[in-house]
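File shown: upload-v1.cif. Contents: mmCIF, C-alpha atoms and all ligand atoms.
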```cif
data_work
#
loop_
_atom_site.label_atom_id
_atom_site.label_comp_id
_atom_site.auth_asym_id
_atom_site.auth_seq_id
_atom_site.Cartn_x
_atom_site.Cartn_y
_atom_site.Cartn_z
CA MET A 1 -60.82 81.45 -80.83
CA ARG A 2 -62.72 78.90 -78.86
CA ALA A 3 -59.42 77.16 -78.05
CA GLU A 4 -58.54 80.16 -75.95
CA THR A 5 -61.88 80.09 -74.29
CA ILE A 6 -61.36 76.63 -72.86
CA ALA A 7 -57.84 77.38 -71.70
CA LYS A 8 -58.94 80.67 -70.18
CA GLN A 9 -61.90 79.13 -68.42
CA ARG A 10 -59.58 76.57 -66.95
CA SER A 11 -57.09 79.09 -65.70
CA ARG A 12 -59.89 81.13 -64.16
CA ARG A 13 -61.11 78.06 -62.32
CA ALA A 14 -57.58 77.16 -61.30
CA ALA A 15 -57.06 80.68 -59.95
CA ALA A 16 -60.31 80.43 -58.02
CA LYS A 17 -59.17 77.15 -56.54
CA ARG A 18 -55.77 78.53 -55.62
CA SER A 19 -57.32 81.43 -53.77
CA SER A 20 -59.58 79.15 -51.77
CA PRO A 21 -58.09 78.91 -48.27
CA LYS A 22 -59.10 75.28 -47.89
CA ARG A 23 -56.99 74.30 -50.89
CA GLN A 24 -53.97 76.25 -49.80
CA ALA A 25 -53.68 74.54 -46.46
CA GLY A 26 -51.16 71.74 -46.73
CA SER A 27 -51.32 71.38 -50.52
CA GLN A 28 -47.99 70.43 -51.99
CA ARG A 29 -47.96 70.80 -55.69
CA VAL A 30 -46.17 68.47 -58.07
CA ARG A 31 -44.12 69.42 -61.09
CA GLU A 32 -45.20 67.70 -64.30
CA ARG A 33 -44.15 67.93 -67.92
CA ASN A 34 -46.55 69.95 -70.09
CA CYS A 35 -48.26 67.45 -72.30
CA SER A 36 -51.33 67.80 -74.44
CA VAL A 37 -51.99 64.06 -74.35
CA ALA A 38 -52.20 64.12 -70.57
CA ARG A 39 -54.56 67.08 -70.74
CA THR A 40 -56.78 65.32 -73.25
CA LEU A 41 -56.67 62.18 -71.20
CA ASP A 42 -57.84 64.06 -68.14
CA ILE A 43 -61.14 64.28 -69.97
CA LEU A 44 -61.28 60.83 -71.58
CA SER A 45 -59.88 58.83 -68.66
CA ASP A 46 -63.18 59.27 -66.94
CA ALA A 47 -65.10 56.33 -68.38
CA TRP A 48 -68.50 57.97 -67.87
CA ALA A 49 -67.45 61.17 -69.58
CA PHE A 50 -66.05 59.19 -72.46
CA LEU A 51 -69.26 57.16 -72.87
CA VAL A 52 -71.40 60.29 -72.84
CA ILE A 53 -69.28 61.82 -75.63
CA ARG A 54 -69.46 58.60 -77.62
CA GLU A 55 -73.26 58.51 -77.43
CA ALA A 56 -73.32 62.12 -78.61
CA PHE A 57 -71.39 61.01 -81.70
CA PHE A 58 -74.16 58.46 -82.19
CA GLY A 59 -76.71 61.26 -82.19
CA ALA A 60 -77.80 61.45 -78.54
CA LYS A 61 -78.74 64.95 -77.42
CA ARG A 62 -81.23 64.54 -74.64
CA PHE A 63 -80.74 63.58 -71.05
CA GLU A 64 -83.10 60.60 -71.31
CA THR A 65 -81.38 59.29 -74.43
CA PHE A 66 -77.98 59.32 -72.73
CA ARG A 67 -79.51 57.74 -69.68
CA SER A 68 -81.31 54.91 -71.43
CA SER A 69 -78.42 53.97 -73.72
CA LEU A 70 -75.87 53.91 -70.89
CA GLY A 71 -78.00 52.95 -67.93
CA LEU A 72 -76.40 55.66 -65.81
CA PRO A 73 -77.80 56.85 -62.51
CA ARG A 74 -79.41 60.28 -62.96
CA ALA A 75 -77.08 62.03 -60.52
CA THR A 76 -73.97 60.65 -62.26
CA LEU A 77 -75.21 61.69 -65.67
CA THR A 78 -76.21 65.15 -64.46
CA GLU A 79 -72.77 65.64 -62.95
CA ARG A 80 -70.92 64.46 -66.07
CA LEU A 81 -72.97 66.60 -68.44
CA LYS A 82 -72.36 69.59 -66.21
CA ARG A 83 -68.62 68.96 -66.10
CA LEU A 84 -68.36 68.35 -69.84
CA THR A 85 -70.26 71.58 -70.44
CA GLU A 86 -67.81 73.44 -68.17
CA GLN A 87 -64.94 71.82 -70.02
CA GLY A 88 -66.29 73.18 -73.29
CA ILE A 89 -67.16 69.80 -74.84
CA PHE A 90 -70.94 70.31 -74.78
CA ARG A 91 -73.16 73.34 -74.97
CA GLN A 92 -76.76 73.45 -73.81
CA GLU A 93 -79.56 74.44 -76.11
CA ARG A 94 -83.24 74.87 -75.19
CA TYR A 95 -85.65 72.41 -76.82
CA SER A 96 -87.89 75.31 -77.73
CA GLU A 97 -88.65 78.86 -76.69
CA THR A 98 -91.27 77.69 -74.24
CA SER A 99 -89.37 74.81 -72.72
CA GLN A 100 -86.95 74.89 -69.80
CA ARG A 101 -85.42 71.62 -70.89
CA VAL A 102 -82.19 71.53 -72.82
CA ASP A 103 -80.42 69.49 -75.45
CA TYR A 104 -76.74 68.76 -75.06
CA ARG A 105 -74.85 69.42 -78.27
CA LEU A 106 -71.20 68.87 -78.97
CA THR A 107 -69.28 72.12 -79.39
CA GLU A 108 -66.65 72.58 -82.06
CA ALA A 109 -64.06 71.29 -79.56
CA GLY A 110 -66.30 68.31 -78.77
CA LEU A 111 -66.81 67.44 -82.44
CA ASP A 112 -63.07 67.75 -82.92
CA LEU A 113 -62.59 64.76 -80.60
CA TYR A 114 -63.97 62.60 -83.38
CA PRO A 115 -60.60 61.90 -85.06
CA SER A 116 -59.22 60.76 -81.68
CA PHE A 117 -62.14 58.38 -81.32
CA MET A 118 -61.50 57.08 -84.83
CA ALA A 119 -57.82 56.52 -84.10
CA LEU A 120 -58.63 54.67 -80.86
CA MET A 121 -61.25 52.66 -82.72
CA GLN A 122 -58.80 51.58 -85.40
CA PHE A 123 -56.46 50.28 -82.75
CA GLY A 124 -59.30 48.34 -81.10
CA ASP A 125 -60.44 46.98 -84.47
CA ARG A 126 -56.95 45.75 -85.27
CA TRP A 127 -56.01 44.23 -81.95
CA LEU A 128 -58.97 43.70 -79.69
CA VAL A 129 -61.86 42.26 -81.66
CA GLY A 130 -63.32 38.79 -81.33
CA PRO A 131 -64.17 36.36 -84.12
CA LYS A 132 -67.23 38.38 -85.16
CA GLY A 133 -65.01 41.22 -86.31
CA PRO A 134 -65.26 44.93 -85.53
CA PRO A 135 -68.57 46.15 -84.07
CA LEU A 136 -68.89 48.95 -86.62
CA ARG A 137 -68.21 49.32 -90.30
CA LEU A 138 -67.54 52.85 -91.45
CA ILE A 139 -68.79 54.39 -94.65
CA HIS A 140 -67.30 57.65 -95.79
CA ASN A 141 -70.02 59.71 -97.49
CA THR A 142 -67.46 61.84 -99.32
CA CYS A 143 -66.28 58.89 -101.45
CA ASN A 144 -69.17 56.55 -100.64
CA SER A 145 -66.79 53.75 -99.69
CA MET A 146 -66.34 51.45 -96.77
CA CYS A 147 -63.20 52.90 -95.24
CA HIS A 148 -60.59 52.72 -92.54
CA PRO A 149 -59.39 55.90 -90.87
CA VAL A 150 -55.63 56.47 -91.06
CA VAL A 151 -53.56 58.92 -89.03
CA ALA A 152 -51.62 60.99 -91.55
CA CYS A 153 -49.27 63.94 -91.86
CA SER A 154 -51.09 67.22 -92.55
CA ALA A 155 -48.35 68.27 -94.99
CA CYS A 156 -48.16 65.24 -97.30
CA LEU A 157 -51.28 63.25 -96.29
CA GLU A 158 -49.27 60.04 -95.99
CA GLU A 159 -49.67 57.75 -93.01
CA VAL A 160 -47.33 58.50 -90.09
CA THR A 161 -45.63 55.96 -87.87
CA ALA A 162 -43.53 56.56 -84.75
CA ARG A 163 -40.25 55.79 -86.53
CA ARG A 164 -40.80 58.41 -89.20
CA VAL A 165 -41.39 61.31 -86.83
CA THR A 166 -38.94 63.47 -84.90
CA TYR A 167 -39.85 65.54 -81.86
CA ARG A 168 -38.68 68.86 -80.59
CA ASP A 169 -39.86 71.22 -77.88
CA GLY A 170 -42.71 73.40 -79.08
CA PRO A 171 -43.58 76.87 -77.77
CA GLY A 172 -45.57 75.41 -74.88
CA ALA A 173 -42.80 73.06 -73.69
CA GLY A 174 -41.78 73.01 -70.05
CA PHE A 175 -43.27 72.00 -66.76
CA SER A 176 -46.27 73.05 -64.78
CA TYR A 177 -47.15 72.60 -61.15
CA ILE A 178 -50.29 70.64 -60.56
CA HIS A 179 -52.15 69.60 -57.48
CA PRO A 180 -51.22 66.04 -56.46
CA ALA A 181 -54.90 65.15 -56.09
CA ARG A 182 -55.20 65.34 -59.86
CA ARG A 183 -52.40 62.82 -60.30
CA ALA A 184 -53.63 60.56 -57.57
CA ARG A 185 -57.20 60.62 -58.81
CA ARG A 186 -58.09 57.10 -59.68
CA SER A 187 -59.51 56.48 -63.07
CA SER A 188 -62.97 55.03 -62.88
CA ASP A 189 -63.22 51.26 -62.88
CA PRO A 190 -61.92 50.33 -66.35
CA SER A 191 -64.69 47.78 -66.91
CA GLN A 192 -67.14 50.73 -66.98
CA TYR A 193 -65.82 51.58 -70.43
CA LEU A 194 -67.59 48.50 -71.72
CA ARG A 195 -71.10 49.65 -70.83
CA GLY A 196 -73.68 50.07 -73.52
CA ARG A 197 -72.99 49.22 -77.13
CA PRO A 198 -69.94 47.18 -78.16
CA SER A 199 -67.16 49.51 -79.21
CA SER A 200 -63.54 49.23 -80.22
CA VAL A 201 -62.87 52.62 -78.67
CA SER A 202 -64.11 51.31 -75.33
CA ASN A 203 -62.02 48.18 -75.68
CA THR A 204 -58.94 50.32 -76.27
CA LEU A 205 -59.62 52.71 -73.41
CA GLN A 206 -60.30 49.85 -71.07
CA MET A 207 -56.68 48.85 -71.64
CA ILE A 208 -54.98 52.22 -71.71
CA GLY A 209 -57.47 54.77 -70.35
CA ASP A 210 -55.81 54.75 -66.96
CA ARG A 211 -53.81 57.96 -66.76
CA TRP A 212 -50.57 56.39 -65.57
CA SER A 213 -50.67 53.62 -68.15
CA PHE A 214 -51.06 56.16 -70.87
CA LEU A 215 -48.23 58.34 -69.59
CA ILE A 216 -45.95 55.30 -69.45
CA ILE A 217 -46.81 54.56 -73.09
CA ARG A 218 -46.07 58.18 -73.97
CA GLU A 219 -42.65 57.93 -72.30
CA ALA A 220 -42.00 54.68 -74.16
CA PHE A 221 -42.58 56.50 -77.45
CA LEU A 222 -40.21 59.23 -76.29
CA GLY A 223 -37.54 56.60 -75.65
CA SER A 224 -37.75 55.77 -71.92
CA ARG A 225 -37.38 52.05 -71.40
CA ARG A 226 -36.00 51.55 -67.93
CA PHE A 227 -37.68 51.63 -64.58
CA ASP A 228 -35.46 54.36 -63.10
CA ARG A 229 -35.82 56.60 -66.10
CA LEU A 230 -39.60 56.18 -66.20
CA GLN A 231 -39.74 56.91 -62.52
CA ALA A 232 -37.63 60.03 -62.89
CA GLU A 233 -39.64 61.31 -65.87
CA LEU A 234 -43.05 60.67 -64.37
CA LYS A 235 -42.35 61.18 -60.64
CA ILE A 236 -44.45 58.11 -60.05
CA ALA A 237 -44.41 55.91 -56.92
CA SER A 238 -42.50 52.67 -57.55
CA ASN A 239 -45.36 50.40 -56.54
CA ILE A 240 -47.70 52.12 -59.00
CA LEU A 241 -45.07 52.01 -61.73
CA SER A 242 -44.47 48.27 -61.14
CA ASP A 243 -48.17 47.60 -61.20
CA ARG A 244 -48.80 49.50 -64.44
CA LEU A 245 -45.76 48.01 -66.17
CA ALA A 246 -46.91 44.50 -65.23
CA ARG A 247 -50.37 45.26 -66.60
CA LEU A 248 -49.01 46.69 -69.85
CA VAL A 249 -46.88 43.56 -70.29
CA THR A 250 -49.89 41.30 -69.64
CA THR A 251 -52.02 43.14 -72.17
CA GLY A 252 -49.25 42.89 -74.76
CA ILE A 253 -48.44 46.57 -75.15
CA LEU A 254 -44.96 46.34 -73.63
CA ALA A 255 -42.44 43.50 -73.72
CA ARG A 256 -40.08 42.97 -70.78
CA ARG A 257 -36.47 42.16 -71.60
CA ARG A 258 -33.51 41.53 -69.35
CA TYR A 259 -30.62 43.87 -70.13
CA GLN A 260 -28.36 43.12 -67.15
CA ASN A 261 -27.68 40.04 -65.07
CA GLN A 262 -26.05 41.19 -61.85
CA PRO A 263 -28.12 42.61 -60.45
CA GLU A 264 -30.91 41.50 -62.71
CA ARG A 265 -32.48 44.44 -64.54
CA PHE A 266 -35.22 44.69 -67.13
CA GLU A 267 -36.28 47.14 -69.73
CA TYR A 268 -39.66 47.65 -71.35
CA ARG A 269 -40.13 48.07 -75.04
CA LEU A 270 -43.24 48.70 -77.09
CA THR A 271 -44.43 45.61 -78.94
CA ASP A 272 -45.85 45.91 -82.47
CA MET A 273 -49.23 46.25 -80.83
CA GLY A 274 -47.92 48.97 -78.51
CA LYS A 275 -46.34 50.85 -81.41
CA ASP A 276 -49.69 50.81 -83.15
CA LEU A 277 -51.04 53.15 -80.46
CA TYR A 278 -48.96 55.91 -81.96
CA GLY A 279 -51.68 57.27 -84.22
CA ALA A 280 -54.15 57.53 -81.36
CA LEU A 281 -51.54 59.15 -79.14
CA ILE A 282 -50.60 61.92 -81.54
CA THR A 283 -54.22 62.50 -82.54
CA MET A 284 -55.17 63.10 -78.91
CA MET A 285 -52.09 65.24 -78.50
CA ALA A 286 -53.17 67.40 -81.44
CA TRP A 287 -56.60 67.86 -79.88
CA GLY A 288 -55.03 69.01 -76.62
CA ASP A 289 -52.75 71.35 -78.58
CA ARG A 290 -55.70 72.90 -80.37
CA TRP A 291 -58.06 73.31 -77.46
CA LEU A 292 -56.18 73.20 -74.18
CA SER A 293 -52.70 74.68 -74.58
CA ARG A 294 -52.49 78.34 -73.76
CA ASP A 295 -48.86 78.74 -74.79
CA GLY A 296 -48.86 76.73 -78.00
CA PRO A 297 -48.00 73.05 -78.48
CA PRO A 298 -45.54 71.57 -75.93
CA ILE A 299 -44.10 69.25 -78.57
CA GLY A 300 -43.44 69.96 -82.24
CA LEU A 301 -43.56 67.10 -84.76
CA THR A 302 -41.59 66.77 -87.97
CA HIS A 303 -42.38 64.12 -90.55
CA ARG A 304 -39.14 62.65 -91.84
CA ASP A 305 -40.68 61.40 -95.08
CA CYS A 306 -41.61 64.88 -96.31
CA GLY A 307 -39.31 66.90 -94.03
CA LYS A 308 -42.16 69.18 -92.91
CA ASP A 309 -43.60 70.10 -89.54
CA PHE A 310 -47.08 68.69 -89.26
CA THR A 311 -50.16 68.14 -87.20
CA PRO A 312 -51.73 64.70 -87.36
CA VAL A 313 -54.95 64.43 -89.34
CA VAL A 314 -57.21 61.42 -89.60
CA ILE A 315 -57.98 60.66 -93.23
CA CYS A 316 -59.99 58.10 -95.20
CA ASP A 317 -57.77 55.36 -96.61
CA ARG A 318 -59.77 55.37 -99.85
CA CYS A 319 -60.01 59.03 -100.86
CA HIS A 320 -57.37 60.53 -98.50
CA LYS A 321 -59.74 63.31 -97.39
CA PRO A 322 -59.90 64.21 -93.69
CA ILE A 323 -62.62 62.39 -91.79
CA ARG A 324 -65.28 64.43 -90.00
CA SER A 325 -68.14 63.08 -87.95
CA HIS A 326 -70.81 64.49 -90.26
CA HIS A 327 -69.28 62.67 -93.24
CA MET A 328 -69.62 59.22 -91.77
CA ARG A 329 -72.26 56.53 -91.77
CA TYR A 330 -72.12 53.31 -89.84
CA GLN A 331 -73.18 49.76 -90.34
CA LEU A 332 -73.64 48.00 -87.05
CA ASN A 333 -72.14 44.57 -86.83
CA TYR A 334 -74.40 43.77 -83.86
CA ASP A 335 -78.06 43.98 -83.00
CA PRO A 336 -78.72 47.31 -81.27
CA GLN A 337 -81.69 45.78 -79.42
CA ASP A 338 -79.23 43.60 -77.51
CA PHE A 339 -77.77 46.70 -75.93
CA GLY A 340 -80.91 48.72 -75.32
CA ALA A 341 -79.79 51.31 -77.85
CA PRO A 342 -82.57 53.84 -78.29
CA GLU A 343 -83.84 55.43 -81.46
CA VAL A 344 -81.80 58.43 -82.45
CA GLU A 345 -83.90 61.62 -82.23
CA HIS A 346 -82.66 63.40 -85.31
CA PRO A 347 -80.57 61.01 -87.33
CA GLY A 348 -77.99 62.76 -89.38
CA ASN A 349 -78.06 66.02 -87.45
CA THR A 350 -74.67 65.39 -85.98
CA GLY A 351 -73.94 63.53 -89.16
CA VAL A 352 -74.14 60.33 -87.24
CA SER A 353 -76.78 57.79 -87.96
CA SER A 354 -76.99 54.17 -87.12
CA ALA A 355 -77.54 52.31 -90.33
ZN ZN A 401 -45.45 64.35 -94.34
ZN ZN A 402 -63.21 58.55 -98.40
#
```
Can you give me the file's structure in the form of structure tokens?
Ligand SMILES: [Zn+2]
Ligand SMILES: [Zn+2]
Amino acid sequence: MRAETIAKQRSRRAAAKRSSPKRQAGSQRVRERNCSVARTLDILSDAWAFLVIREAFFGAKRFETFRSSLGLPRATLTERLKRLTEQGIFRQERYSETSQRVDYRLTEAGLDLYPSFMALMQFGDRWLVGPKGPPLRLIHNTCNSMCHPVVACSACLEEVTARRVTYRDGPGAGFSYIHPARRARRSSDPSQYLRGRPSSVSNTLQMIGDRWSFLIIREAFLGSRRFDRLQAELKIASNILSDRLARLVTTGILARRRYQNQPERFEYRLTDMGKDLYGALITMMAWGDRWLSRDGPPIGLTHRDCGKDFTPVVICDRCHKPIRSHHMRYQLNYDPQDFGAPEVEHPGNTGVSSA
């Protein structure tokens, strides 16, 4: 299975890093809960990497196409494509037998990120759009309808919400030791997510794509509401925790409520908007479970409505069939010329065409 390939590649690289003498000197490792969302986010919390993947969903395959639609410096784009290829999201394919140049194509794992993008997009469409409405309208070829993606239970195909799901430790539960540099790594400047075409996925990631913010939201879904508890669960420095909590309150994802007067103490609860991130969260978690967990899923999910264990699937609200990138068409609710969007080389090849 390709899922194993990615996990194995990673552990090989990790082993290589561990054996490097430079790394060993003075590196204190940090214990962190195994979490497929965090693993997925390690890829998407890099705004450039995210944008490159998004353009691939819009049909980009060639270096110059990525570069012109995103306006990235060559060195940055080269580095990101290389990293995403190592991470198993892209594979390289020669233009032709005689050419040295390569196309970058999404692998199976890369294409499988599509439902996560759809779930993030739905959130952005619901909460973060201006008066002109969502930037894209989706048409599902399978039923030929304008549709909205819905995160559903794989067993009963009904929509899932946080309240109707119970969690338990899965086979991959537990903690791993990671290098603190990975935790400390700053996410790229969040405004970078907004480069290129308008996108509800970008709008969403601009708010939550920071690794700590996302982990705080995850803990909120798992029931942590208080500063001390969040700090204990995440092993996060208090100044960073305060900063991220304040930001999440400002953006309307968390609400701050006093629960004690002397001394004054506050707790943080997900707002309706915050709760609506649930679909995106479990969809990304499922991707990480499929492609990045060596020991099986860290968390098992049970849908209370049908009583079955499930994996989240993103389905069409009209025909209830799972949504795949090659089944979708788009209508742009903006003029692509305004954003320097190039012609797609082979419309429809990835199943993605700009209408
Ligand atoms: Zn169900
Ligand atoms: Zn449909």
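For the pair atom CA of Tyr95 of chain A and atom CA of Glu64 of chain A, the interatomic distance is 13.3 Å.
Atom CA of Ser45 of chain A to atom CA of Phe214 of chain A spans 9.5 Å [interatomic distance, one decimal].
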Just the residues within 12 Å of Arg258 of chain A, please, counting only C-alpha atoms, with nothing from its chain fewer than 4 positions along; format it as a VMD selection string. chain A and resid 225 to 227 262 to 269
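Going from atom CA of Lys82 of chain A over to atom CA of Arg294 of chain A, you cover 23.0 Å.
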Near Phe50 of chain A, within 9 Å and counting only C-alpha atoms, which residues show up once chain neighbours fewer than 5 positions away are dropped, as number ranges by chain? A: 43-45, 55, 193, 202
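Using only C-alpha atoms, the nearest neighbour of Ser213 of chain A within the list A:Leu81, A:Ala38, A:Leu106, A:Tyr330 is A:Ala38.
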Could you list, as a list of chain:residue names, all the residues within 8 Å of ligand ZN 401 (chain A), counting only C-alpha atoms and all ligand atoms? A:Ala152, A:Cys153, A:Ser154, A:Ala155, A:Cys156, A:Leu157, A:Glu158, A:Glu159, A:Val160, A:Thr302, A:His303, A:Arg304, A:Asp305, A:Cys306, A:Gly307, A:Lys308, A:Asp309, A:Phe310
Which protein, DNA or RNA residues have an atom within 10 Å of ligand ZN 402 (chain A), counting only C-alpha atoms and all ligand atoms, as a PyMOL selection string? chain A and resi 138-149+315-323+327-328
Quick one: residues within 12 Å of (-71.9, 47.4, -69.9) (file frame), counting only C-alpha atoms, please, as a PDB file with C-alpha atoms, in the frame of the given file.
```
ATOM      1  CA  ALA A  47     -65.100  56.330 -68.380  1.00  0.00           C
ATOM      2  CA  TRP A  48     -68.500  57.970 -67.870  1.00  0.00           C
ATOM      3  CA  LEU A  51     -69.260  57.160 -72.870  1.00  0.00           C
ATOM      4  CA  SER A  69     -78.420  53.970 -73.720  1.00  0.00           C
ATOM      5  CA  LEU A  70     -75.870  53.910 -70.890  1.00  0.00           C
ATOM      6  CA  GLY A  71     -78.000  52.950 -67.930  1.00  0.00           C
ATOM      7  CA  LEU A  72     -76.400  55.660 -65.810  1.00  0.00           C
ATOM      8  CA  ASP A 189     -63.220  51.260 -62.880  1.00  0.00           C
ATOM      9  CA  PRO A 190     -61.920  50.330 -66.350  1.00  0.00           C
ATOM     10  CA  SER A 191     -64.690  47.780 -66.910  1.00  0.00           C
ATOM     11  CA  GLN A 192     -67.140  50.730 -66.980  1.00  0.00           C
ATOM     12  CA  TYR A 193     -65.820  51.580 -70.430  1.00  0.00           C
ATOM     13  CA  LEU A 194     -67.590  48.500 -71.720  1.00  0.00           C
ATOM     14  CA  ARG A 195     -71.100  49.650 -70.830  1.00  0.00           C
ATOM     15  CA  GLY A 196     -73.680  50.070 -73.520  1.00  0.00           C
ATOM     16  CA  ARG A 197     -72.990  49.220 -77.130  1.00  0.00           C
ATOM     17  CA  PRO A 198     -69.940  47.180 -78.160  1.00  0.00           C
ATOM     18  CA  SER A 199     -67.160  49.510 -79.210  1.00  0.00           C
ATOM     19  CA  SER A 202     -64.110  51.310 -75.330  1.00  0.00           C
ATOM     20  CA  ASN A 203     -62.020  48.180 -75.680  1.00  0.00           C
ATOM     21  CA  GLN A 206     -60.300  49.850 -71.070  1.00  0.00           C
ATOM     22  CA  ASP A 338     -79.230  43.600 -77.510  1.00  0.00           C
ATOM     23  CA  PHE A 339     -77.770  46.700 -75.930  1.00  0.00           C
ATOM     24  CA  GLY A 340     -80.910  48.720 -75.320  1.00  0.00           C
ATOM     25  CA  ALA A 341     -79.790  51.310 -77.850  1.00  0.00           C
TER      26      ALA A 341
END
```
